[in-house]
Every structure is written in C-alpha cells, then in structure tokens.
Amino acid sequence: MSNVRVHMEILDDQTDEASLLRLTGKQNPRHAPMIISSGHLDNPKVVELLRLHLAAMHVHSPPGTVHALDLSALKHPDVSFFTAWEGEELLGCGALRRLSGAHGEIKSMRTAPQHLRKGVAASLLRHMIGVARQRGYARVSLETGSGEPFRSAIALYGKFGFAKGATFGGYVASDFNQFFHLDLQTVGAGGTRS
C-alpha cells in the first residue's frame with residue numbers, strides 16, 4: 001500500500017504566526033499533512049462515505065442515470081481506489097478505473113461533507129492523474145451529471161484541463177450526463193497546457 005503526503009494550505013497567507021496560535025491554539029497549523037493511500041475499502045468510515053456518495057447520486061440524478069460504482073465494483077482488479085486522510089480522519093475518496101492500456105476513468109470522487117472547500121478533491125484528482133501518467137495512459141475520462149449539485153466538481157475538472165467531449169466506455173448519452181476528457185500528452189500535471 002503506497003502513501004503520498006500532501007501539505008494543504010488551511011489558512012490564507014496573510015495570517016501571521018501569532019494570529020494562528022491565537023485562532024487555533026496550535027503552532028503552525030498551515031501544513032497539516034494529508035495522506036493519500038490506496039485501499040481501505042473495508043474501513044467503516046470509507047464504507048459510510050461511499051454509502052453517502054451513492055445516496056447523493058440517486059437523490060440528484062434522474063432514474064437510470066447513476067453510474068457510480070458500489071463497494072463490490074470498487075474491488076474489481078481494474079479499479080484502484082484511493083482515500084485521503086488527516087490522521088484518523090477520512091477526508092475523501094476517488095477511484096481510477098482501467099478502460100484500456102492507454103485510457104483510464106475517474107470514478108467515485110467524494111469529499112466528506114465536513115472537509116469541503118479544503119482542497120481534498122483537487123489533491124485526490126492530482127494524485128489519480130499522476131497514477132494514470134505512471135501507468136502510461138494517454139487519456140483520462142469521466143462521466144458526471146448536470147445541474148447545481150455537480151457544478152463544483154465540473155469546475156474542478158475544468159481547472160485540471162478536462163474538456164467536455166463524446167461518450168466513452170459504453171456509456172449512453174442523455175440530457176443529464178456529461179463526459180469530460182483529459183489528454184495527458186498535452187496537459188501538464190496541474191492542468192496547464194503544454
């Protein structure tokens with residue numbers, strides 16, 4: 001099991017050390033480590049976050065349009081599942097599914113509700129794009145929904161260079177779902193065009 005240490009900016013750069021201590025009671029909290037690791041599908045915290053993810057997808061999607069993977073599908077050999085942790089606290093999860101030797105798919109992106117807007121999803125996405133590059137994928141794709149519940153995720157994908165495109169991997173297009181692709185040969189690790 002591999003772990004990756006990520007440092008998150010918790011407070012803005014204008015906050016001085018004395019203010020940080022006064023506000024938080026901690027010395028230098030701005031570099032709290034986030035650990036991204038693979039696996040943990042048997043951890044009750046992960047199982048609960050995945051339950052929340054599937055429930056939200058069903059609430060915010062028309063019948064027949066939910067393509068989120070359940071726990072058993074995430075255990076498939078073609079799926080690599082990643083979790084982000086801060087100590088014992090689960091921050092979020094995501095998966096990378098192998099579609100072919102040159103094509104991967106981002107799945108099951110979910111940030112724990114109490115950790116939204118802290119850079120968790122961006123860190124997980126950056127990690128999975130890095131794994132895709134290591135595997136030699138030329139492209140990473142994803143399917144998502146439409147409307148307000150999906151707006152933040154779509155904005156994040158855009159920041160990383162994902163572009164809206166055609167269906168892939170057996171999905172059927174509808175008025176609800178959208179497809180995004182990232183060409184790993186022309187977009188840098190942080191979403192910048194080469």
# chains A, B, ... in the order shown; residues from 1 in each chain; ligands from 1
$ closest_atom_pairs --of "segment 21-103 of chain A" --to "segment 145-156 of chain A" --cutoff "10 Å" --atoms "only C-alpha atoms" --output "tab-separated table"
residue	atom	partner	partner_atom	distance
A:Ala56	CA	A:Pro149	CA	9.1
A:Met57	CA	A:Gly145	CA	8.8
A:Val59	CA	A:Pro149	CA	9.9
A:His60	CA	A:Pro149	CA	6.9
A:Ser61	CA	A:Gly145	CA	7.1
A:Pro62	CA	A:Gly145	CA	9.5
A:Thr65	CA	A:Gly145	CA	8.3
A:Val66	CA	A:Gly145	CA	8.5
A:His67	CA	A:Gly145	CA	9.7
$ residues_around --residues "Lys75 of chain A" --least-positions-apart "5" --cutoff "10 Å" --atoms "only C-alpha atoms" --output "list in words"
Gly39, Leu41, Leu69, Asp70, Ser80 and Phe81 of chain A
$ write_last_selection --atoms "C-alpha atoms" --output "JSON list (two decimals), in the first residue's frame"
[["chain", "number", "residue", "atom", "x", "y", "z"],
["A", 39, "GLY", "CA", -7.30, 0.61, -0.48],
["A", 41, "LEU", "CA", -12.46, -0.44, 1.27],
["A", 69, "LEU", "CA", -19.63, 2.21, -8.51],
["A", 70, "ASP", "CA", -20.79, 0.33, -5.44],
["A", 80, "SER", "CA", -7.64, 1.41, -7.98],
["A", 81, "PHE", "CA", -9.32, 3.06, -5.01]]
$ residues_around --residues "Val172 of chain A" --least-positions-apart "5" --cutoff "12 Å" --atoms "only C-alpha atoms" --output "list in words"
Gly64, Thr65, Val66, His67, Glu143, Ala166, Thr167, Asn177, Gln178 and Phe179 of chain A
$ atom_distance --atom1 "atom CA of Phe82 of chain A" --atom2 "atom CA of Val120 of chain A"
11.8 Å
$ atom_distance --atom1 "atom CA of Gly104 of chain A" --atom2 "atom CA of His40 of chain A"
20.9 Å
$ closest_residue --among "A:Thr144, A:Gly94, A:Lys45, A:Leu54" --to "Ala173 of chain A" --atoms "only C-alpha atoms"
A:Thr144
$ closest_residue --among "A:Met109, A:Gly130, A:His58, A:Gly170" --to "Tyr157 of chain A" --atoms "only C-alpha atoms"
A:Met109
$ select_by_dssp --residues "segment 51-115 of chain A" --states "alpha helix (DSSP H)" --output "list in words"
Arg51, Leu52, His53, Leu54, Ala55, Ala56, Met57, His58, Val59, His60, Leu71, Ser72, Ala73 and Leu74 of chain A
$ residues_around --residues "segment 121-128 of chain A" --least-positions-apart "6" --cutoff "8 Å" --atoms "only C-alpha atoms" --output "ChimeraX atom specification"
/A:6,36,82-84,92-96,106,109-111,156,189-190
$ decode --residues "segment 142-162 of chain A" --atoms "N, CA and C atoms" --output "PDB file, in the first residue's frame"
ATOM      1  N   LEU A 142     -14.067  10.968 -17.645  1.00  0.00           N
ATOM      2  CA  LEU A 142     -15.024  10.796 -16.557  1.00  0.00           C
ATOM      3  C   LEU A 142     -16.415  11.124 -17.058  1.00  0.00           C
ATOM      4  N   GLU A 143     -17.387  10.568 -16.357  1.00  0.00           N
ATOM      5  CA  GLU A 143     -18.800  10.839 -16.615  1.00  0.00           C
ATOM      6  C   GLU A 143     -19.354  11.475 -15.362  1.00  0.00           C
ATOM      7  N   THR A 144     -20.172  12.508 -15.529  1.00  0.00           N
ATOM      8  CA  THR A 144     -20.801  13.162 -14.386  1.00  0.00           C
ATOM      9  C   THR A 144     -22.176  13.674 -14.796  1.00  0.00           C
ATOM     10  N   GLY A 145     -22.878  14.227 -13.832  1.00  0.00           N
ATOM     11  CA  GLY A 145     -24.222  14.722 -14.090  1.00  0.00           C
ATOM     12  C   GLY A 145     -24.248  16.202 -14.408  1.00  0.00           C
ATOM     13  N   SER A 146     -25.445  16.759 -14.411  1.00  0.00           N
ATOM     14  CA  SER A 146     -25.666  18.171 -14.720  1.00  0.00           C
ATOM     15  C   SER A 146     -26.392  18.840 -13.562  1.00  0.00           C
ATOM     16  N   GLY A 147     -26.327  20.152 -13.544  1.00  0.00           N
ATOM     17  CA  GLY A 147     -27.069  20.912 -12.547  1.00  0.00           C
ATOM     18  C   GLY A 147     -26.213  21.329 -11.373  1.00  0.00           C
ATOM     19  N   GLU A 148     -26.844  22.033 -10.451  1.00  0.00           N
ATOM     20  CA  GLU A 148     -26.157  22.629  -9.309  1.00  0.00           C
ATOM     21  C   GLU A 148     -25.346  21.634  -8.478  1.00  0.00           C
ATOM     22  N   PRO A 149     -25.848  20.447  -8.156  1.00  0.00           N
ATOM     23  CA  PRO A 149     -25.065  19.529  -7.321  1.00  0.00           C
ATOM     24  C   PRO A 149     -23.736  19.098  -7.951  1.00  0.00           C
ATOM     25  N   PHE A 150     -23.585  19.257  -9.258  1.00  0.00           N
ATOM     26  CA  PHE A 150     -22.379  18.809  -9.957  1.00  0.00           C
ATOM     27  C   PHE A 150     -21.482  19.971 -10.388  1.00  0.00           C
ATOM     28  N   ARG A 151     -21.943  21.203 -10.181  1.00  0.00           N
ATOM     29  CA  ARG A 151     -21.243  22.390 -10.684  1.00  0.00           C
ATOM     30  C   ARG A 151     -19.817  22.520 -10.135  1.00  0.00           C
ATOM     31  N   SER A 152     -19.626  22.322  -8.846  1.00  0.00           N
ATOM     32  CA  SER A 152     -18.291  22.463  -8.252  1.00  0.00           C
ATOM     33  C   SER A 152     -17.323  21.427  -8.806  1.00  0.00           C
ATOM     34  N   ALA A 153     -17.806  20.197  -8.943  1.00  0.00           N
ATOM     35  CA  ALA A 153     -16.947  19.139  -9.481  1.00  0.00           C
ATOM     36  C   ALA A 153     -16.550  19.446 -10.920  1.00  0.00           C
ATOM     37  N   ILE A 154     -17.501  19.901 -11.710  1.00  0.00           N
ATOM     38  CA  ILE A 154     -17.205  20.223 -13.115  1.00  0.00           C
ATOM     39  C   ILE A 154     -16.204  21.373 -13.199  1.00  0.00           C
ATOM     40  N   ALA A 155     -16.337  22.365 -12.323  1.00  0.00           N
ATOM     41  CA  ALA A 155     -15.365  23.466 -12.296  1.00  0.00           C
ATOM     42  C   ALA A 155     -13.969  22.952 -11.945  1.00  0.00           C
ATOM     43  N   LEU A 156     -13.889  22.028 -10.993  1.00  0.00           N
ATOM     44  CA  LEU A 156     -12.597  21.441 -10.636  1.00  0.00           C
ATOM     45  C   LEU A 156     -11.989  20.705 -11.823  1.00  0.00           C
ATOM     46  N   TYR A 157     -12.783  19.908 -12.506  1.00  0.00           N
ATOM     47  CA  TYR A 157     -12.261  19.175 -13.669  1.00  0.00           C
ATOM     48  C   TYR A 157     -11.749  20.151 -14.721  1.00  0.00           C
ATOM     49  N   GLY A 158     -12.453  21.248 -14.924  1.00  0.00           N
ATOM     50  CA  GLY A 158     -12.011  22.260 -15.882  1.00  0.00           C
ATOM     51  C   GLY A 158     -10.671  22.864 -15.497  1.00  0.00           C
ATOM     52  N   LYS A 159     -10.457  23.109 -14.201  1.00  0.00           N
ATOM     53  CA  LYS A 159      -9.181  23.657 -13.741  1.00  0.00           C
ATOM     54  C   LYS A 159      -8.015  22.721 -14.032  1.00  0.00           C
ATOM     55  N   PHE A 160      -8.294  21.432 -14.092  1.00  0.00           N
ATOM     56  CA  PHE A 160      -7.252  20.442 -14.375  1.00  0.00           C
ATOM     57  C   PHE A 160      -7.090  20.181 -15.868  1.00  0.00           C
ATOM     58  N   GLY A 161      -7.883  20.847 -16.698  1.00  0.00           N
ATOM     59  CA  GLY A 161      -7.729  20.706 -18.141  1.00  0.00           C
ATOM     60  C   GLY A 161      -8.678  19.739 -18.802  1.00  0.00           C
ATOM     61  N   PHE A 162      -9.617  19.168 -18.058  1.00  0.00           N
ATOM     62  CA  PHE A 162     -10.605  18.278 -18.672  1.00  0.00           C
ATOM     63  C   PHE A 162     -11.493  19.092 -19.598  1.00  0.00           C
TER      64      PHE A 162
END
